[in-house]
Amino acid sequence: MLRTALRNLLAHKARLMMTALAVLLGVAFVAGTLIYSDTIKEAVKNASSKDLKDVSVSVEATLDPDAPMPERGAKRATALDDKLAGRIRALPGVQTVRTNVTGSATLAGADDQPIGEGWQNLAVNYQPGKDGKDSRYPLVQGRGPAAGNEIALAESTAKAAGVAIGDTVRFATDGPVLKKTLVGIVASDDPKVTAGGSLALFDTATAQKLYLRPGQFGELIVTATPGTDQQALTAKVRELLPEKRAVATSGSELAAQQSRMIAAQSEGLTQTLLVFAGIALFVGVFIIANTFTMLISQRSREIALLRAVGASRRQVVRSVLAEAGLLGLISSVVGFALGTGIAVGMRVMLDGDGSGYPAGPLVISPTAVLSALGVGVGVTVLAAWLPSRKAAKVAPVEALSSVEAPPALRSLVVRNVIGSVVTGIGVAIMLWVSTLTSGDDMPYAMLGSALTLTGVIILAPLLSRPLVSLAGLVTTRLFGIGGKLAKENALRNPRRTAATGSALMIALVLVTGLTVVGHSAQIGMDKMMATGLTADYKIETYGGLDPQLSKKVAEVPGVEAAAPLRGTGFTTQRGYAYIRGTDLSQIDKVTHLTFRQGSLDAVRAGGIAVAEQVAKQHGWRAGDMVSVEFAEKKTTTRLKVAAVYADNEALGESFADVSLVDPHLTQIKNEQLLVKAAGGGSPALVKDIRHALGDSPLLKVQTRDDLRKETVGQIDTIVNMVYGLLGMAIIIAVVGVVNTLAMSVFERTREIGMLRAIGLARSGIKQMVRLESVVISLFGAVLGMSVGIFLAWSGGSLVSSSFPAYEMVLPWDRLGLFLLIALVVGVLAALWPARRAARLNMLEAIGAQ
């Protein structure tokens, strides 16, 4: 039976090649994802290990929870000083103690735009040894900073800023712009820096002045002498530390923490890519099952002969599964090789897009190899299992007397009943989901969507009849007999038509659903920007804006109004909320306020305004007095609810005058500044505003369009990724349609010969096959888009719960594009089968068995 499986595999190379391609693509994505993930994890792990190689114990300063918050302008005080560092150096087993001062410094690039992201813009103190060099940061050019007017930069940072030794570097920490002379360029393997951050180095005294207090440090790095037990040394260090103000962690614990962090960081991308691979394999299942069903049907005489000469049903099943296993193994090996290339390409593409992962060799782990090969072989064997059982159940005499028996009525009835039940449950869940309003109910939506899609796949043969018949009316009217034959051929085997169209249907369910949600969110954002925010610019900065500096913006020519926003959280008996302090004389000029109760004048007279959703949550009405506790200073007071306004994204949950909010803030800094410009603003005005604020690289000036793009950016990213999935699914769908049509042509060889004999030209044969392909593709597209729109509608309530402006709007242009893509898929997939059918010899075809 094994030799039979090998012979069958070699006898149908051309037909099985299409099936192998479907498996190959899915395995390639699985392998590429796993290899890329392992490569990135290993590269970051190696970089982190190198970063921690001399760390035996890390002592970090912490904030005493019982100590008062530092006042405005005061530098953070720590318990780590020269005295404590000296006591740790005196411990037995300690080789060196490195005293670190760390902070954040954002540098200005050549275009005055900030370099890197705020949380990754590191600043540290340069600590030269006896040779005048810091071993932690090897010099590439120049020397280390030794005076208050000097700075050193990481090599990548200097390149991004466009500066060289001797140039003046502009940067900011949390205040005005500072300038220092670049005296050195260093190498750094810090993962934060290699991942797109920046690194600035100062002498220790300057770093303390910028971030702490003279003589104090943020971290002490202890390096032990060889042979010293890390845990024992960590315990000794802990005994010297002041309670609640410092914590000691061993180097091994730090390494374990970083490993967990690395795994968590890469988990999201890995899972997303594996979802793509899983969908590709899921789509491939239909093609594989379809292929083996048709191959077994064509080999029914052969199987009958094997049964007649003594082969058992189990042997027939094993033979087919062995054939599938060999096909899966060969496809998986080629797919794994392709996946390796995909992993390399992903690394190059993402590095070019700014991911900045550390360099490292390609990692091909045994897990990746076994997983990819196991998935490929397993999916192929699983997809061939049902066709193999069907083949084994055919009686020898029945198979010998008929080349292709029609599907049993009972099996279709059972399938339709199961499909109706599953679809009904899925639709019922989604209708219930449409009444829910909490994002926490997303698992129910995912369950309902999965059941609905699964049920529709099961019902696809039943649904194919009305949809294909409807399409047949069009093809018959437009193309005459060719269109009618195409319709009849598609209806001849509804199972095959359904399985072929399901490949495109699954992809279009996802793509259509997310496209509708994304488009609706964009429309909602535009509506919200038009009705909620009338300001032309929103200004933010890392660390906050000085209120006195913010007032200068209002004096810039061309600025009509400028309203600051700063705030804090507060708690009530009903929960937590956030309040923003603003200038009530300006806020109505930069936002569009619609009051449900009370008025802005009532707020100006004293009290707070709360958003409608918050008022409902807490049961507040205008005129109520509420007791609140502010989060920062733990102060308790009673506030009057002066007004209730329609939910407004710019103002958030509540707002009041700055005079009411400021007494409860530990540091008075503006989080945002909303600016209304005369005539809608201009690039020159943006430059003037930046200049008024000191040209700080900390500044982030966004236009209304920038805000819209930022808000819907994540949705666009997801939708674009799904478009990538559509591209992959199209390839697999083309493979499936080509495979189905090729085998359909083989089965209808005699029929095609007869059509040619009675006068149908070669062009008519081609047209018939092409139209059949188009009908199948459009069936899958229409069904998929319909299900996708339903899922988007029913799940839209979960989006609107956190995005009140959301309202479902169908993107007709994109939906039309999807139909056009399906049409193109049908035409392209039919090229080879149509040409093959048209070239059949008439007499040989008529005499075919």
# chains A, B, ... in the order shown; residues from 1 in each chain; ligands from 1

$ residues_around --residues "region 682-697 of chain A" --least-positions-apart "2" --cutoff "9 Å" --atoms "only C-alpha atoms" --output "number ranges by chain"
A: 106-109, 112-115, 170-172, 175-178, 537, 541, 545, 549-550, 552-553, 555-559, 677, 679-680, 699-701

$ residues_around --residues "region 53-64 of chain A" --least-positions-apart "6" --cutoff "8 Å" --atoms "only C-alpha atoms" --output "list of chain:residue names"
A:Thr78, A:Ala79, A:Leu80, A:Phe217, A:Gly218, A:Glu219, A:Leu220, A:Ile221, A:Val222, A:Thr223, A:Ala224, A:Gln230, A:Leu233, A:Thr234, A:Lys244, A:Arg245, A:Ala246, A:Val247, A:Ala248, A:Thr249, A:Ser250, A:Gly251, A:Ser252

$ write_last_selection --atoms "N, CA and C atoms" --output "compact mmCIF listing (two decimals), in the first residue's frame"
# COMPACT_ATOMS: atom_id res chain seq x y z
N THR A 78 17.52 61.07 46.77
CA THR A 78 17.63 59.63 46.95
C THR A 78 18.51 59.33 48.17
N ALA A 79 18.44 58.08 48.62
CA ALA A 79 19.25 57.63 49.76
C ALA A 79 20.59 57.07 49.32
N LEU A 80 20.83 57.06 48.00
CA LEU A 80 22.09 56.51 47.48
C LEU A 80 23.09 57.64 47.32
N PHE A 217 22.89 59.48 43.88
CA PHE A 217 22.86 58.63 42.70
C PHE A 217 21.50 57.94 42.60
N GLY A 218 21.21 57.46 41.43
CA GLY A 218 19.96 56.75 41.21
C GLY A 218 20.12 55.24 41.29
N GLU A 219 21.35 54.75 41.04
CA GLU A 219 21.59 53.31 41.06
C GLU A 219 23.06 53.04 41.38
N LEU A 220 23.30 51.96 42.12
CA LEU A 220 24.65 51.49 42.41
C LEU A 220 24.80 50.10 41.81
N ILE A 221 25.78 49.92 40.93
CA ILE A 221 26.03 48.63 40.30
C ILE A 221 27.24 47.99 40.98
N VAL A 222 27.02 46.85 41.60
CA VAL A 222 28.07 46.16 42.35
C VAL A 222 28.60 45.00 41.51
N THR A 223 29.92 44.99 41.31
CA THR A 223 30.58 43.87 40.63
C THR A 223 31.35 43.08 41.68
N ALA A 224 31.10 41.78 41.75
CA ALA A 224 31.73 40.93 42.77
C ALA A 224 33.05 40.36 42.29
N GLN A 230 26.48 35.36 44.47
CA GLN A 230 25.65 36.54 44.20
C GLN A 230 24.55 36.73 45.23
N LEU A 233 25.94 37.88 48.59
CA LEU A 233 26.37 39.27 48.53
C LEU A 233 25.15 40.20 48.48
N THR A 234 24.11 39.81 47.74
CA THR A 234 22.90 40.61 47.69
C THR A 234 22.27 40.77 49.07
N LYS A 244 12.59 51.13 52.77
CA LYS A 244 11.63 51.79 51.88
C LYS A 244 12.26 52.77 50.90
N ARG A 245 13.58 52.99 50.95
CA ARG A 245 14.18 54.00 50.08
C ARG A 245 15.16 53.42 49.06
N ALA A 246 15.39 52.13 49.13
CA ALA A 246 16.29 51.49 48.17
C ALA A 246 16.00 49.99 48.15
N VAL A 247 16.29 49.36 47.02
CA VAL A 247 16.06 47.93 46.87
C VAL A 247 17.25 47.33 46.13
N ALA A 248 17.67 46.14 46.57
CA ALA A 248 18.81 45.44 45.95
C ALA A 248 18.31 44.21 45.22
N THR A 249 18.81 44.01 44.00
CA THR A 249 18.42 42.87 43.17
C THR A 249 19.68 42.21 42.64
N SER A 250 19.75 40.89 42.70
CA SER A 250 20.93 40.18 42.19
C SER A 250 20.95 40.23 40.67
N GLY A 251 22.14 40.03 40.10
CA GLY A 251 22.28 40.03 38.65
C GLY A 251 21.48 38.94 37.99
N SER A 252 21.39 37.77 38.63
CA SER A 252 20.63 36.66 38.05
C SER A 252 19.14 36.99 38.03

$ residues_around --residues "region 659-676 of chain A" --least-positions-apart "6" --cutoff "9 Å" --atoms "only C-alpha atoms" --output "PyMOL selection string"
chain A and resi 69-73+534-547+550+553-554+558-568+579-583+587+589-591+606-608+630-635

$ closest_residue --among "A:Lys236, A:Arg314, A:Arg89, A:Arg496" --to "Ile776 (chain A)" --atoms "only C-alpha atoms"
A:Arg496

$ residues_around --residues "Val285 (chain A)" --least-positions-apart "3" --cutoff "7 Å" --atoms "only C-alpha atoms" --output "ChimeraX atom specification"
/A:281-282,288-289,379,383

$ residues_around --residues "region 446-452 of chain A" --least-positions-apart "2" --cutoff "7 Å" --atoms "only C-alpha atoms" --output "PyMOL selection string"
chain A and resi 422-423+426-427+429-430+442-444+454-456+791

$ closest_residue --among "A:Leu326, A:Leu771, A:Val509, A:Ile165" --to "Ile481 (chain A)" --atoms "only C-alpha atoms"
A:Leu771

$ residues_around --residues "Glu155 (chain A)" --least-positions-apart "2" --cutoff "12 Å" --atoms "only C-alpha atoms" --output "compact mmCIF listing (two decimals) with N, CA and C atoms, in the first residue's frame"
# COMPACT_ATOMS: atom_id res chain seq x y z
N TYR A 137 31.05 52.39 28.30
CA TYR A 137 30.76 53.10 27.05
C TYR A 137 32.07 53.36 26.31
N PRO A 138 32.54 52.39 25.52
CA PRO A 138 33.80 52.55 24.80
C PRO A 138 33.76 53.74 23.84
N LEU A 139 34.84 54.50 23.81
CA LEU A 139 34.92 55.66 22.93
C LEU A 139 35.13 55.25 21.48
N VAL A 140 34.38 55.88 20.60
CA VAL A 140 34.57 55.71 19.16
C VAL A 140 35.37 56.88 18.61
N GLN A 141 35.06 58.08 19.10
CA GLN A 141 35.79 59.30 18.72
C GLN A 141 35.86 60.21 19.94
N GLY A 142 36.88 61.05 19.97
CA GLY A 142 36.98 62.09 20.99
C GLY A 142 37.26 61.54 22.38
N ALA A 152 28.64 63.88 25.61
CA ALA A 152 29.00 62.80 24.69
C ALA A 152 27.72 62.12 24.25
N LEU A 153 27.73 61.54 23.06
CA LEU A 153 26.55 60.89 22.52
C LEU A 153 26.88 59.49 22.02
N THR A 157 23.01 58.03 18.00
CA THR A 157 22.36 59.30 18.35
C THR A 157 23.01 60.46 17.62
N ALA A 158 24.34 60.48 17.60
CA ALA A 158 25.06 61.55 16.90
C ALA A 158 24.72 61.56 15.41
N LYS A 159 24.60 60.35 14.86
CA LYS A 159 24.25 60.26 13.44
C LYS A 159 22.84 60.79 13.18
N ALA A 160 21.89 60.42 14.07
CA ALA A 160 20.51 60.89 13.90
C ALA A 160 20.41 62.40 14.07
N ALA A 161 21.22 62.98 14.97
CA ALA A 161 21.19 64.43 15.20
C ALA A 161 21.99 65.19 14.16
N GLY A 162 22.81 64.48 13.40
CA GLY A 162 23.62 65.14 12.38
C GLY A 162 24.71 66.02 12.97
N VAL A 163 25.34 65.58 14.06
CA VAL A 163 26.39 66.38 14.71
C VAL A 163 27.70 65.61 14.73
N ALA A 164 28.80 66.36 14.83
CA ALA A 164 30.13 65.78 14.89
C ALA A 164 30.89 66.41 16.05
N ILE A 165 32.06 65.87 16.34
CA ILE A 165 32.88 66.37 17.44
C ILE A 165 33.12 67.88 17.26
N LEU A 182 29.76 68.92 21.90
CA LEU A 182 29.99 67.48 21.74
C LEU A 182 31.50 67.21 21.75
N GLY A 184 32.67 63.79 22.63
CA GLY A 184 32.95 62.37 22.44
C GLY A 184 31.76 61.62 21.86
N ILE A 185 32.07 60.55 21.16
CA ILE A 185 31.07 59.65 20.61
C ILE A 185 31.41 58.24 21.10
N VAL A 186 30.41 57.55 21.68
CA VAL A 186 30.65 56.26 22.30
C VAL A 186 29.83 55.18 21.61
N ALA A 187 30.20 53.94 21.87
CA ALA A 187 29.42 52.79 21.40
C ALA A 187 28.53 52.32 22.53
N SER A 188 27.33 51.86 22.18
CA SER A 188 26.41 51.37 23.20
C SER A 188 25.61 50.20 22.65
N ASP A 189 25.47 49.16 23.49
CA ASP A 189 24.65 48.01 23.12
C ASP A 189 23.39 47.94 23.97
N VAL A 193 18.56 51.80 23.36
CA VAL A 193 19.21 52.68 22.38
C VAL A 193 19.17 52.05 21.00
N THR A 194 19.47 50.74 20.93
CA THR A 194 19.46 50.07 19.63
C THR A 194 18.06 49.95 19.06
N GLY A 197 16.08 54.45 20.48
CA GLY A 197 16.22 55.51 21.46
C GLY A 197 17.49 56.31 21.25
N SER A 198 17.79 57.18 22.20
CA SER A 198 19.00 57.99 22.12
C SER A 198 19.75 57.89 23.45
N LEU A 199 21.01 58.28 23.45
CA LEU A 199 21.84 58.23 24.65
C LEU A 199 22.75 59.45 24.71
N ALA A 200 22.64 60.20 25.82
CA ALA A 200 23.51 61.35 26.07
C ALA A 200 24.27 61.09 27.37
N LEU A 201 25.55 61.52 27.41
CA LEU A 201 26.38 61.30 28.60
C LEU A 201 26.94 62.64 29.08

$ closest_residue --among "A:Gly166, A:Thr173, A:Leu338, A:Gly144" --to "Gly32 (chain A)" --atoms "only C-alpha atoms"
A:Leu338

$ closest_residue --among "A:Arg762, A:Arg638, A:Arg814, A:Lys709" --to "Thr512 (chain A)" --atoms "only C-alpha atoms"
A:Arg814

$ select_by_dssp --residues "region 70-200 of chain A" --states "helix (DSSP H, G or I)" --output "ChimeraX atom specification"
/A:82-89,118-120,155-161,191-194

$ closest_residue --among "A:Met785, A:Ala322, A:Leu810, A:Leu755" --to "Leu504 (chain A)" --atoms "only C-alpha atoms"
A:Met785
